[in-house]
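A quick write-up on the structure given underneath.
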Amino acid sequence: MWCDAKNSVAIVGVGHSRVGRRLSRPVGLLALDAARAAAEDAGLKVGDIDGLSLSAGPPLGPDAVPGLRSAPVEWMAEALQLKRVDWWTTDVRNISMAVGYAVQALATNSCKYVLLWRAEHQPRRGGASNGSTVAPKAEGEAAYSAPYGLSGTAIRYALAFMRYMKRFGAKREHLAAYVLAARKGANNNPNAVFYSERLAIADYMGARMIADPLCLYDCDMPVDGAGAIVLTRAERAKDLRRQPAFVSALGSAGWNRDVLPPEEYEDNPGNLGRILWASAGLTPKDIDGAMLYDGFSPSIFWWLEGLGFCGRGEAFDWIQHGRIELGGDLPVNTFGGSIGEGRLHGIGHWIEATKQIQGRADDRPGDGARQIANARNILVATGMTGHNAGGILSKELPA
Amino acid sequence: MAEKPVPAPSEETAPYWEGARRRELVLPRCTGCGWYVAQPRLVCPKCQGETFDWHPVSGTGKIHTCTIVHQAAAPGFDVPYVVVRVSLDEQPECLITTNLVGAYDVERLDIGLPVVVEFEERGGVSLPQFRLE
């Protein structure tokens with residue numbers, strides 16, 4: 001167990017910008033909003049921040065103007081007028097890996113207070129058809145997929161989930177249990193893009209299909225918005241405003257390739273589970289809630305099975321009858337997840353996990369009841385397409 | 001109406017497309033252990049061998065998984081259309097992406113159904129496609 005008391009690190013503040021569809025405020029300013037909110041939440045001045053880390057997708061091309069299309073570390077350091085940055089990372093894809101790097105930097109005293117953010121901007125689409133009737137060339141690996149109309153992640157998830165359904169007998173109705181639970185979370189979360197929109201089982205079953213068996217509501221909602229967290233060492237955390245959410249486990253695990261090829265996605269989370277439980281000295285029974293990355297809703301099944309909350313092929317049945325809702329055995333994505341809050345690529349999951357541990361998941365105006373009673377350990381897992389990482393936040397300092 | 005994408009053969013993939021022109025499904029096979037890969041690789045995922053030759057396969061397999069696409073991001077496709085991954089009879093771990101051509105009832109699509117390769121002419125390239133056997 002490496003997350004020991006001597007070098008313990010905690011999340012001590014969280015912040016969101018506005019989250020919404022096609023906001024007029026540029027993404028850099030949204031990132032600043034989230035960063036300032038997180039520092040204030042922690043009881044720190046922005047100038048106290050001396051470490052910076054972000055999670056970011058691939059560069060968005062020639063129009064990726066810092067501040068307008070992205071919020072990279074250099075731009076943020078300048079915009080926040082930080083006089084000194086003692087540690088930073090750039091462009092870590094998976095948010096939980098970025099958290100891991102920040103924890104290591106603090107554990108080794110590279111800096112005192114790390115600000116970590118994820119900022120999303122959805123570029124306006126130029127229109128799929130520009131009027132050209134010339135057939136596009138499919139090059140490289142796309143030569144084997146694009147000519148068949150296999151483009152975009154939704155179709156890949158649909159292929160993986162269809163196979164899961166056929167093998168184990170899962171139906172869309174089973175998946176609806178998660179989607180509706182997540183929507184209830186979103187309805188309790190004023191940050192969520194779906195805060196004001198209810199979803200009933202009939203809406204889900206009648207929804208427009210994207211790629212069978214995935215419908216519109218199985219896919220996360222692209223948004224503009226940002227979230228940020230502040231981390232520091234345990235001995236500094238105790239002097240701050242909020243109760244610390246201690247990092248009691250971290251994992252960043254590759255997939256297991258004992259079988260060739262693995263079941264796509266489904267086989268990915270197993271190694272992360274093994275590493276997390278060993279790292280924390282905890283078991284699934286010790287976990288009071290889980291924030292599981294849900295860019296596409298079937299991921300929830302693969303996380304729950306891979307992390308060991310239930311057996312292989314059992315999650316679709318396991319999540320029924322309120323088990324993953326507030327008051328159930330394992331509330332999942334109480335804030336709405338990416339399909340309810342919006343596509344913030346995992347920062348929302350870390351923010352909710354922190355607030356659950358701090359016992360203030362629903363302390364803002366407009367929040368609906370979503371605090372998990374006596375939340376002592378909350379698990380976060382992000383990734384799924386291969387680069388899986390996650391951690392556990394705990395109320396108690398690791399022994 | 002936009003046209004469907006046409007594969008652009010590269011130096012590495014040319015034998016695959018030349019095989020398709022001869023109405024053969026031809027795949028890279030590890031010279032060390034005989035493992036097939038769907039696309040050219042530098043290293044054999046089975047034995048770490050670094051040399052492959054191109055070898056014809058029967059072109060028969062089973063549906064590994066499938067989807068009916070209702071909202072296309074790809075140009076040229078009229079929805080709905082079917083995308084399938086085929087597991088090859090020679091080596092079930094070897095998966096080929098394809099549409100499912102010919103006449104069939106989409107309601108009856110299932111994993112395990114036998115399929116066989118045929119070839120579609122598109123933009124001067126022969127494209128492997130599968131139909132139910």
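All residue names refer to the structure tokens as shown: chains lettered A, B, ... in order, residues numbered from 1 in each chain, ligands numbered from 1 in order.
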Can you check which residues of chain B have any atom within 10 Å of chain A? Use only C-alpha atoms and format it as a ChimeraX atom specification. /B:1-10,12-13,38-40,45-46,63-78,80-85,92-100,110-111,122-123,127-129
Write out as a ChimeraX atom specification all residues of stretch 51-242 of chain A that backbone DSSP assigns to alpha helix (DSSP H). /A:73-79,95-107,153-168,172-187,201-205,234-237
Hey, what's within 10 Å of A:Gly169 if we count only C-alpha atoms and toss same-chain stuff fewer than 6 positions away? As a PyMOL selection string, please? chain A and resi 163+313-314+316-317
Within chain B, find each residue whose DSSP state, derived from the backbone, is strand (DSSP E), and express the selection as a PyMOL selection string. chain B and resi 6-7+25-30+52-57+60-69+81-88+95-101+114-122+125-132
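Counting only C-alpha atoms, stretch 14-26 of chain B has the following residues at most 6 Å away, ignoring those fewer than 3 positions along the same chain: Pro9, Ser10, Glu11, His55, Pro56, Val57, Gly59 and Ser126 of chain B.
The interatomic distance for the pair atom CA of A:Ala102 and atom CA of A:Val332 works out to 25.1 Å.
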Please provide as a JSON list (two decimals) with N, CA and C atoms, in the first residue's frame all residues within 7 Å of A:Arg69, with the sequence filter that same-chain residues fewer than 2 positions apart are discarded (counting only C-alpha atoms).
```json
[["chain", "number", "residue", "atom", "x", "y", "z"],
["A", 27, "VAL", "N", -13.55, 28.85, -23.99],
["A", 27, "VAL", "CA", -13.20, 27.74, -23.11],
["A", 27, "VAL", "C", -12.12, 28.13, -22.10],
["A", 64, "ALA", "N", -6.57, 25.49, -32.97],
["A", 64, "ALA", "CA", -6.54, 25.26, -31.52],
["A", 64, "ALA", "C", -5.88, 26.45, -30.82],
["A", 65, "VAL", "N", -6.45, 27.63, -30.96],
["A", 65, "VAL", "CA", -5.89, 28.83, -30.34],
["A", 65, "VAL", "C", -6.04, 28.71, -28.83],
["A", 66, "PRO", "N", -4.90, 28.80, -28.09],
["A", 66, "PRO", "CA", -5.00, 28.68, -26.64],
["A", 66, "PRO", "C", -5.97, 29.71, -26.08],
["A", 67, "GLY", "N", -6.84, 29.25, -25.19],
["A", 67, "GLY", "CA", -7.83, 30.15, -24.60],
["A", 67, "GLY", "C", -9.14, 30.14, -25.37],
["A", 121, "HIS", "N", -14.45, 22.23, -25.14],
["A", 121, "HIS", "CA", -15.07, 23.13, -26.11],
["A", 121, "HIS", "C", -15.47, 22.30, -27.31]]
```
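As for atom CA of A:Tyr101 and atom CA of A:Asp267, they are spaced 25.0 Å apart.
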Tell me which protein, DNA and RNA residues are within 6 Å of B:Phe130, counting only C-alpha atoms, leaving out same-chain ones fewer than 5 positions away, and put them as a ChimeraX atom specification. /B:100,116-118
Those same residues, written as an mmCIF file, in the first residue's frame with C-alpha atoms?
```cif
data_model
loop_
_atom_site.group_PDB
_atom_site.id
_atom_site.type_symbol
_atom_site.label_atom_id
_atom_site.label_comp_id
_atom_site.auth_asym_id
_atom_site.auth_seq_id
_atom_site.Cartn_x
_atom_site.Cartn_y
_atom_site.Cartn_z
ATOM 1 C CA LEU B 100 -23.390 -7.526 -44.625
ATOM 2 C CA VAL B 116 -18.676 -15.868 -46.802
ATOM 3 C CA VAL B 117 -16.634 -13.192 -48.567
ATOM 4 C CA GLU B 118 -17.477 -11.568 -51.858
#
```
What lies within 12 Å of A:Arg183 using only C-alpha atoms, ignoring chain neighbours under 3 positions off, as JSON, numbers by chain? {"A": [176, 177, 178, 179, 180, 186, 187, 188, 189, 192, 193, 194, 195, 196, 197, 198, 199, 200, 201, 203, 204, 217, 218, 220, 297, 325, 332, 333, 334, 335, 336, 337, 338, 339, 340, 341, 342]}
